[in-house]
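Have a look at the structure below, then the notes.
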Amino acid sequence: MKKEKVVTTEAETYVVIEKYGRQFALLMLLGVLVYGSYLVYNWNLDRSEKNAQEELFVMQKKIETKANDLAKADEEATKTKLDKKIESAKKSELEKTPEALTKNFAEQIQEYEAFIQANKGRKAESMAAIRLAELSVEYNDFLRAEKILSAITLKHKDDVFFGLVKMQLGSVLMDEKKYSEAIEQFTLVVDTPEQKAFHPQALLRIGACHLETGDYLKAESILSRLEADHPTTQAANEGKNLRRLALLKKAEKS
């Protein structure tokens, strides 16, 4: 039987490199290209996000300028009426209604809505939607605010915008007296460990919702949990008063 020649490890390595070196080089090049593409993608993503937020800042300034102009005009009109001793004069003539919102901010609303659609999935979308919802709430247009917040793209529960949006949406639903739906939004926050910073306020509002619906037992239970889990928070201090009210209402009911 012919004895096979023993090849050293170094020689074997050399043969393998010589034989497959081209494939290795191509694989390495491919890896570099893939990683490079990933970095470029992230860089472009960050840049586009930054550009979107800069655009949003300009839009925000427009709303602030418009609001200041309206407030100034209202102040001057009220002062004129008071100077003339007109009986119908009030402290403010500036209406805070959905109709007034549409009338005074039609251009800005349209601009925001287009921006939100163009930036779906970005942080800028959430930021713009939250600001537009705040403006809507200021003018008592809770239905518009609810619609805006409900349409936001929320990809990750650990994102701070998840908590912000859910808390704001829940608050809007409370303003609309949709307490069951509001509880659902606040509960989503409480059930998400990553949103721990919002838990005290979410529990407080859940308790307030149960109080409004007359479910004093649940209100007491939730508010007791708030005090136990977050004793040093402002929400817990506020919750104590609500819990006393729940106990009082429960006693009156029984």
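Please note that chains go A, B, ... in the order of the structure tokens, that every chain numbers its residues from 1, and that ligands are numbered from 1 in the order shown.
By only C-alpha atoms, and with residues fewer than 4 positions from segment 214-217 of chain A along its chain excluded, the set lying at most 12 Å from it is Tyr179, Ser180, Ile206, Gly207, Ala208, Cys209, His210, Ser221, Ile222, Leu223, Ser224, Leu242, Arg243, Arg244, Leu245, Ala246, Leu247, Leu248, Lys249, Lys250, Ala251, Glu252, Lys253 and Ser254 of chain A.
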Dump of N, CA, C and O atoms for the selected residues, as a compact mmCIF listing (two decimals), in the first residue's frame:
```
# COMPACT_ATOMS: atom_id res chain seq x y z
N TYR A 179 -64.46 56.88 28.45
CA TYR A 179 -63.62 56.39 29.54
C TYR A 179 -63.10 54.97 29.33
O TYR A 179 -61.95 54.67 29.68
N SER A 180 -63.92 54.10 28.78
CA SER A 180 -63.48 52.72 28.55
C SER A 180 -62.32 52.68 27.56
O SER A 180 -61.34 51.95 27.75
N ILE A 206 -56.27 56.00 35.01
CA ILE A 206 -57.16 54.83 35.00
C ILE A 206 -58.11 54.92 36.20
O ILE A 206 -59.31 54.69 36.08
N GLY A 207 -57.54 55.26 37.35
CA GLY A 207 -58.37 55.42 38.55
C GLY A 207 -59.42 56.50 38.37
O GLY A 207 -60.58 56.33 38.76
N ALA A 208 -59.02 57.61 37.76
CA ALA A 208 -59.95 58.72 37.52
C ALA A 208 -61.07 58.31 36.57
O ALA A 208 -62.23 58.69 36.76
N CYS A 209 -60.72 57.50 35.57
CA CYS A 209 -61.74 57.01 34.62
C CYS A 209 -62.76 56.13 35.32
O CYS A 209 -63.98 56.26 35.11
N HIS A 210 -62.28 55.23 36.17
CA HIS A 210 -63.20 54.35 36.91
C HIS A 210 -64.08 55.17 37.85
O HIS A 210 -65.27 54.85 38.05
N SER A 221 -59.04 50.29 43.98
CA SER A 221 -58.01 49.27 43.80
C SER A 221 -56.82 49.81 43.00
O SER A 221 -55.66 49.63 43.39
N ILE A 222 -57.11 50.49 41.90
CA ILE A 222 -56.05 51.04 41.05
C ILE A 222 -55.26 52.12 41.78
O ILE A 222 -54.03 52.18 41.72
N LEU A 223 -55.97 52.97 42.49
CA LEU A 223 -55.31 54.08 43.18
C LEU A 223 -54.49 53.58 44.38
O LEU A 223 -53.46 54.16 44.72
N SER A 224 -54.94 52.49 44.99
CA SER A 224 -54.15 51.87 46.06
C SER A 224 -52.86 51.28 45.49
O SER A 224 -51.79 51.38 46.10
N LEU A 242 -58.11 61.21 45.26
CA LEU A 242 -59.09 60.50 44.44
C LEU A 242 -59.55 59.22 45.13
O LEU A 242 -60.72 58.84 45.05
N ARG A 243 -58.62 58.55 45.81
CA ARG A 243 -58.98 57.30 46.50
C ARG A 243 -59.95 57.59 47.65
O ARG A 243 -60.90 56.84 47.88
N ARG A 244 -59.72 58.69 48.36
CA ARG A 244 -60.65 59.07 49.44
C ARG A 244 -62.04 59.34 48.86
O ARG A 244 -63.06 58.97 49.45
N LEU A 245 -62.06 60.01 47.71
CA LEU A 245 -63.33 60.29 47.05
C LEU A 245 -64.02 59.00 46.62
O LEU A 245 -65.24 58.86 46.76
N ALA A 246 -63.23 58.05 46.12
CA ALA A 246 -63.78 56.76 45.71
C ALA A 246 -64.39 56.02 46.90
O ALA A 246 -65.47 55.43 46.80
N LEU A 247 -63.69 56.07 48.04
CA LEU A 247 -64.20 55.42 49.25
C LEU A 247 -65.50 56.08 49.72
O LEU A 247 -66.44 55.40 50.14
N LEU A 248 -65.52 57.39 49.63
CA LEU A 248 -66.71 58.14 50.04
C LEU A 248 -67.90 57.80 49.14
O LEU A 248 -69.02 57.55 49.62
N LYS A 249 -67.65 57.79 47.84
CA LYS A 249 -68.71 57.48 46.88
C LYS A 249 -69.20 56.04 47.04
O LYS A 249 -70.39 55.76 46.92
N LYS A 250 -68.26 55.15 47.32
CA LYS A 250 -68.63 53.74 47.51
C LYS A 250 -69.50 53.58 48.75
O LYS A 250 -70.48 52.82 48.75
N ALA A 251 -69.16 54.33 49.81
CA ALA A 251 -69.95 54.27 51.04
C ALA A 251 -71.35 54.83 50.82
O ALA A 251 -72.34 54.29 51.33
N GLU A 252 -71.43 55.91 50.04
CA GLU A 252 -72.74 56.51 49.75
C GLU A 252 -73.61 55.58 48.92
O GLU A 252 -74.83 55.55 49.06
N LYS A 253 -72.94 54.84 48.05
CA LYS A 253 -73.66 53.95 47.13
C LYS A 253 -74.20 52.72 47.84
O LYS A 253 -75.25 52.19 47.49
N SER A 254 -73.47 52.25 48.87
CA SER A 254 -73.86 51.02 49.56
C SER A 254 -74.92 51.28 50.64
O SER A 254 -75.25 52.38 50.97
```
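Straight-line separation from atom CA of Pro98 of chain A to atom CA of Phe142 of chain A: 8.5 Å.
Going from atom CA of Val165 of chain A to atom CA of Ser126 of chain A covers 7.6 Å.
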| request: Have a look at A:Gln53, A:Thr153, A:Asn104, A:Thr97 and name the one nearest to Leu70 of chain A; count only C-alpha atoms. | output: A:Asn104
Hey, what's within 7 Å of segment 116-118 of chain A if we count only C-alpha atoms and toss same-chain stuff fewer than 6 positions away? As a compact mmCIF listing (two decimals) with N, CA, C and O atoms, in the first residue's frame, please?
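Okay, around.txt is ready:
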```
# COMPACT_ATOMS: atom_id res chain seq x y z
N GLU A 125 -42.74 62.05 12.49
CA GLU A 125 -44.19 61.85 12.35
C GLU A 125 -44.88 61.99 13.70
O GLU A 125 -45.88 62.72 13.84
N ALA A 128 -44.76 65.63 15.04
CA ALA A 128 -45.71 66.52 14.35
C ALA A 128 -47.14 66.22 14.76
O ALA A 128 -47.94 67.13 15.00
N ALA A 129 -47.46 64.93 14.85
CA ALA A 129 -48.83 64.54 15.21
C ALA A 129 -49.17 64.97 16.63
O ALA A 129 -50.28 65.45 16.90
```
| message | Set the distance at 9 Å and use only C-alpha atoms: which residues neighbour Phe105 of chain A once local chain neighbours fewer than 3 positions away are removed? I'd like the list as a list in words. | response | Ile63, Lys66, Ala67, Ala100, Leu101, Thr102, Gln108, Ile109 and Gln110 of chain A
| remark: Counting only C-alpha atoms, closest pick from A:Val190, A:Ala52, A:Leu169, A:Ala114 relative to Met127 of chain A is A:Ala52
| remark: Using only C-alpha atoms, the best pick from A:Gln60, A:Asp159, A:Lys103, A:Glu75 as closest to Glu134 of chain A would be A:Gln60
